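J.: model30.cif is reproduced in full below (mmCIF, C-alpha atoms).
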```cif
data_work
#
loop_
_atom_site.label_atom_id
_atom_site.label_comp_id
_atom_site.auth_asym_id
_atom_site.auth_seq_id
_atom_site.Cartn_x
_atom_site.Cartn_y
_atom_site.Cartn_z
CA MET A 1 -0.70 -15.44 -28.10
CA SER A 2 0.81 -13.29 -30.83
CA ASP A 3 4.15 -11.55 -30.35
CA PHE A 4 4.06 -8.00 -29.02
CA SER A 5 5.31 -5.13 -31.15
CA PRO A 6 5.03 -1.34 -30.78
CA ASP A 7 3.02 -1.24 -33.99
CA ASN A 8 0.20 -3.38 -32.64
CA GLU A 9 0.14 -1.76 -29.19
CA PRO A 10 -2.71 0.66 -30.07
CA VAL A 11 -4.75 -2.31 -31.26
CA LEU A 12 -4.06 -4.18 -28.02
CA VAL A 13 -5.02 -1.14 -25.94
CA LYS A 14 -8.29 -0.82 -27.86
CA ARG A 15 -8.98 -4.51 -27.27
CA ILE A 16 -8.28 -4.09 -23.55
CA SER A 17 -10.75 -1.19 -23.40
CA ASP A 18 -13.30 -3.59 -24.88
CA GLY A 19 -12.57 -6.16 -22.15
CA ASP A 20 -10.18 -8.48 -24.02
CA ALA A 21 -8.25 -10.40 -21.34
CA GLU A 22 -5.84 -11.89 -23.89
CA ALA A 23 -4.75 -8.42 -25.00
CA PHE A 24 -4.33 -7.40 -21.37
CA SER A 25 -2.10 -10.45 -20.81
CA GLN A 26 0.16 -9.37 -23.68
CA ILE A 27 0.49 -5.84 -22.29
CA PHE A 28 1.17 -7.26 -18.83
CA HIS A 29 4.00 -9.48 -20.07
CA GLN A 30 5.44 -6.61 -22.09
CA TYR A 31 5.52 -4.06 -19.27
CA ASN A 32 5.60 -6.09 -16.05
CA LYS A 33 9.39 -6.28 -15.61
CA THR A 34 9.97 -2.68 -16.70
CA VAL A 35 7.39 -1.36 -14.26
CA TYR A 36 8.80 -3.52 -11.45
CA HIS A 37 12.36 -2.26 -11.99
CA THR A 38 11.11 1.33 -12.16
CA VAL A 39 9.21 0.98 -8.89
CA MET A 40 12.14 -0.77 -7.20
CA THR A 41 14.42 2.14 -8.15
CA TYR A 42 12.43 4.31 -5.74
CA VAL A 43 10.86 1.91 -3.24
CA LYS A 44 13.84 -0.45 -2.73
CA ASP A 45 11.63 -3.01 -1.01
CA VAL A 46 10.72 -6.21 -2.87
CA PRO A 47 7.36 -7.04 -1.20
CA GLU A 48 6.18 -3.43 -1.42
CA ALA A 49 7.33 -3.09 -5.04
CA GLU A 50 5.54 -6.30 -6.01
CA GLU A 51 2.35 -5.08 -4.35
CA ILE A 52 2.55 -1.70 -6.08
CA VAL A 53 3.06 -3.32 -9.49
CA GLN A 54 0.12 -5.63 -8.86
CA GLN A 55 -2.07 -2.66 -7.92
CA ILE A 56 -1.00 -0.78 -11.07
CA PHE A 57 -2.15 -3.61 -13.33
CA VAL A 58 -5.30 -4.27 -11.32
CA LYS A 59 -6.28 -0.60 -11.66
CA LEU A 60 -5.42 -0.71 -15.36
CA TRP A 61 -7.86 -3.56 -15.86
CA GLU A 62 -10.54 -2.06 -13.60
CA ASN A 63 -10.33 1.26 -15.50
CA ARG A 64 -9.93 -0.33 -18.92
CA SER A 65 -12.93 1.47 -20.40
CA SER A 66 -11.04 4.78 -20.03
CA LEU A 67 -8.26 3.52 -22.33
CA ALA A 68 -10.39 4.14 -25.40
CA GLY A 69 -9.50 7.83 -25.30
CA VAL A 70 -5.79 7.38 -24.55
CA ARG A 71 -3.50 8.61 -27.34
CA SER A 72 -0.18 7.45 -25.88
CA PHE A 73 -0.39 4.32 -23.77
CA ARG A 74 3.28 4.61 -22.73
CA ASP A 75 2.66 8.11 -21.34
CA TYR A 76 -0.54 6.93 -19.67
CA PHE A 77 1.26 3.99 -18.08
CA PHE A 78 4.20 6.12 -16.98
CA ILE A 79 1.83 8.51 -15.19
CA ALA A 80 -0.02 5.59 -13.56
CA THR A 81 3.28 4.16 -12.30
CA ARG A 82 4.49 7.55 -11.07
CA ASN A 83 1.24 8.21 -9.23
CA SER A 84 1.36 4.80 -7.55
CA VAL A 85 4.90 5.42 -6.31
CA PHE A 86 3.90 8.89 -5.04
CA SER A 87 0.91 7.36 -3.25
CA TYR A 88 3.19 4.81 -1.61
CA PHE A 89 5.47 7.48 -0.18
CA ASN A 90 2.50 9.58 0.92
CA ARG A 91 1.14 6.59 2.82
CA LEU A 92 4.53 6.00 4.45
CA ALA A 93 4.72 9.62 5.58
CA ARG A 94 1.19 9.60 6.94
CA HIS A 95 1.77 6.31 8.71
CA SER A 96 4.95 7.65 10.30
CA ARG A 97 3.10 10.70 11.61
CA LEU A 98 0.28 8.51 12.88
CA MET A 99 2.59 6.14 14.78
CA LYS A 100 4.52 9.06 16.35
CA HIS A 101 1.17 10.40 17.45
CA VAL A 102 0.21 7.03 18.98
CA ARG A 103 3.60 6.56 20.70
CA SER A 104 3.52 10.01 22.25
CA GLY A 105 0.10 9.35 23.75
CA GLN A 106 -1.25 12.58 22.30
CA THR A 107 -4.90 12.90 21.34
CA GLU A 108 -6.48 15.49 19.13
CA ILE A 109 -8.31 18.08 21.25
CA VAL A 110 -11.85 18.40 20.02
CA ASP A 111 -15.09 19.46 21.69
CA ASP A 112 -17.28 17.08 19.73
CA THR A 113 -17.96 13.95 21.81
CA ASP A 114 -18.72 11.95 18.67
CA HIS A 115 -15.17 12.54 17.41
CA LEU A 116 -13.75 11.27 20.69
CA VAL A 117 -15.90 8.15 20.43
CA LEU A 118 -14.72 7.55 16.87
CA GLN A 119 -11.11 8.03 17.93
CA ARG A 120 -11.54 5.37 20.61
CA GLN A 121 -13.11 3.08 18.03
CA TYR A 122 -10.12 3.58 15.78
CA ASP A 123 -7.67 2.94 18.62
CA ALA A 124 -9.55 -0.28 19.33
CA LEU A 125 -9.32 -1.20 15.64
CA VAL A 126 -5.55 -0.75 15.70
CA GLY A 127 -5.39 -3.00 18.74
CA GLN A 128 -7.50 -5.64 16.98
CA ALA A 129 -5.22 -5.52 13.95
CA ILE A 130 -2.15 -6.04 16.14
CA GLU A 131 -3.80 -8.93 17.99
CA GLN A 132 -4.35 -10.72 14.63
CA LEU A 133 -0.60 -10.89 14.00
CA PRO A 134 1.44 -14.07 14.55
CA PRO A 135 3.34 -13.95 17.88
CA GLN A 136 6.77 -12.94 16.55
CA GLN A 137 5.35 -10.36 14.11
CA LYS A 138 3.28 -8.91 16.95
CA GLN A 139 6.31 -8.67 19.25
CA VAL A 140 8.45 -7.01 16.58
CA TYR A 141 5.67 -4.58 15.68
CA LEU A 142 5.12 -3.52 19.30
CA LEU A 143 8.82 -3.18 20.04
CA THR A 144 9.20 -0.99 16.95
CA GLU A 145 6.07 1.14 17.07
CA ARG A 146 5.28 1.26 20.78
CA ASP A 147 8.73 1.03 22.36
CA ALA A 148 10.61 2.77 19.50
CA LEU A 149 13.43 0.19 19.41
CA ASN A 150 15.54 -0.14 16.28
CA TYR A 151 16.05 -3.41 14.40
CA ASP A 152 19.42 -4.14 16.02
CA GLN A 153 17.98 -3.70 19.51
CA ILE A 154 15.01 -5.92 18.69
CA ALA A 155 17.29 -8.59 17.20
CA ALA A 156 19.33 -8.67 20.40
CA ASN A 157 16.19 -8.67 22.54
CA MET A 158 14.56 -11.55 20.66
CA GLN A 159 17.81 -13.36 19.80
CA ILE A 160 17.06 -13.45 16.10
CA SER A 161 18.85 -11.93 13.11
CA ARG A 162 18.32 -8.35 12.03
CA SER A 163 17.07 -9.54 8.62
CA THR A 164 14.45 -11.68 10.36
CA VAL A 165 13.31 -8.66 12.37
CA LYS A 166 13.04 -6.61 9.18
CA LYS A 167 11.00 -9.32 7.45
CA HIS A 168 8.64 -9.67 10.43
CA MET A 169 8.11 -5.92 10.47
CA GLU A 170 7.40 -5.74 6.74
CA LEU A 171 4.78 -8.48 7.03
CA ALA A 172 3.29 -7.00 10.20
CA ARG A 173 2.91 -3.51 8.73
CA LYS A 174 1.28 -4.89 5.61
CA ALA A 175 -1.14 -6.99 7.68
CA VAL A 176 -2.08 -4.11 9.98
CA ARG A 177 -2.64 -1.74 7.04
CA SER A 178 -4.82 -4.27 5.23
CA TYR A 179 -6.86 -5.13 8.33
CA ILE A 180 -7.61 -1.50 9.15
CA TYR A 181 -8.23 -0.41 5.57
CA LEU A 182 -10.75 -3.19 4.92
CA ARG A 183 -12.68 -2.30 8.06
CA LEU A 184 -12.56 1.42 7.42
CA LYS A 185 -14.15 0.82 4.04
CA ASP A 186 -16.92 -1.23 5.65
CA ASP A 187 -17.73 1.23 8.46
CA ILE A 188 -19.10 4.52 7.19
CA GLN A 189 -18.97 6.06 10.68
CA LEU A 190 -15.20 5.79 10.77
CA LEU A 191 -15.04 8.02 7.72
CA ALA A 192 -15.52 10.88 10.17
CA LEU A 193 -12.12 10.21 11.72
CA PRO A 194 -9.54 13.01 11.55
CA ALA A 195 -7.83 13.40 8.19
CA PHE A 196 -4.42 12.52 9.61
CA VAL A 197 -5.76 9.01 10.29
CA LEU A 198 -7.73 8.36 7.14
CA GLY A 199 -5.12 9.88 4.84
CA PHE A 200 -2.80 6.92 5.30
CA PHE A 201 -5.43 4.42 4.18
CA LYS A 202 -6.73 6.39 1.21
CA ASP A 203 -5.51 5.20 -2.18
#
```
Please go through the file and, once you have read it, give me the structure as structure tokens.

T.:
Amino acid sequence: MSDFSPDNEPVLVKRISDGDAEAFSQIFHQYNKTVYHTVMTYVKDVPEAEEIVQQIFVKLWENRSSLAGVRSFRDYFFIATRNSVFSYFNRLARHSRLMKHVRSGQTEIVDDTDHLVLQRQYDALVGQAIEQLPPQQKQVYLLTERDALNYDQIAANMQISRSTVKKHMELARKAVRSYIYLRLKDDIQLLALPAFVLGFFKD
């Protein structure tokens, strides 16, 4: 692998647009750490930051054909990173609203019976996702989202450290999001769910 330099970056980008994996590897090694530190500045969560960075590069490769018309790769990459961070915070906000909705026991008032059926299907899907969690992750998730306990209260309740509670919750949230998102993509009927539900899972 040849050494990276700003002068040969346009050549590498052109090669990536043509499907050159070696050129993509060079760009990855050049920008990986910078992108990670940029994301961490805002996200401040190692697992989430790592996932965001991975998604940025995956999307870069998947959309590589569009790079042929890019004049400034640095600008293009900055915008891609910025958009990914914005999407992360949008998902957090939507998820927070969704969980408050679930905890309060409120349901959206609609006349259409089909919407009510779909809402019940979604509620069942959330339950399935929770049931897939390992025992301690499941307990932490329920104590946080259903019972609205904070990490210190959960740590005292379960007799584990606060950092362990935080780690369990991070893993549980990621698992629940992934489980539901994958099944929403596979079930076209669930696409009729209210926007406040689907918004969280939309990239």

J.: Might you spell out which residues the PyMOL selection byres ((chain A and resi 14-22) around 8) would select in the displayed file, as a VMD selection string?

T.: chain A and resid 1 10 to 13 23 to 26 61 64 to 68

J.: Just give me the gap between CA of Ile154 (chain A) and CA of Ile52 (chain A) in Å, one decimal is fine.

T.: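 For CA of Ile154 (chain A) relative to CA of Ile52 (chain A), the distance reads 28.0 Å.
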
J.: On this file, the PyMOL selection byres ((chain A and resi 125-129) around 8) gives some set of residues; write that set as number ranges by chain.

T.: A: 121-124, 130-133, 175-176, 179-180

J.: With all atoms listed in the file as the basis for distance, which of A:Ala155, A:Leu171, A:Val39, A:Val70 is at the shortest distance from Asn83 (chain A)?

T.: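 Looking at the shortest contact to Asn83 (chain A), the residue is A:Val39.
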
J.: Set the distance at 12 Å and use all atoms listed in the file: which residues neighbour Leu142 (chain A) once local chain neighbours fewer than 3 positions away are removed? I'd like the list as a list in words.

T.: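 Skipping anything fewer than 3 positions along the chain leaves Met99, Val102, Arg103, Val126, Gly127, Ala129, Ile130, Glu131, Leu133, Pro135, Gln136, Gln137, Lys138, Gln139, Glu145, Arg146, Asp147, Ala148, Leu149, Asn150, Tyr151, Ile154, Val165, His168, Met169, Ala172, Arg173 and Val176 of chain A.
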
J.: Figure out the distance between CA of Ser72 (chain A) and CA of Val53 (chain A), please, to one decimal in Å.

T.: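 Taking CA of Val53 (chain A) as the start and CA of Ser72 (chain A) as the end point, the length is 19.9 Å.
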
J.: Could you state which residues are captured by the PyMOL selection byres ((chain A and resi 55) around 12) in this file, as a PyMOL selection string?

T.: chain A and resi 32+35-36+39+48-54+56-63+80-81+83-85+87-88+203

J.: Any idea what the distance is between CA of Asp152 (chain A) and CA of Arg91 (chain A)?

T.: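 Interatomic distance here is 25.0 Å.
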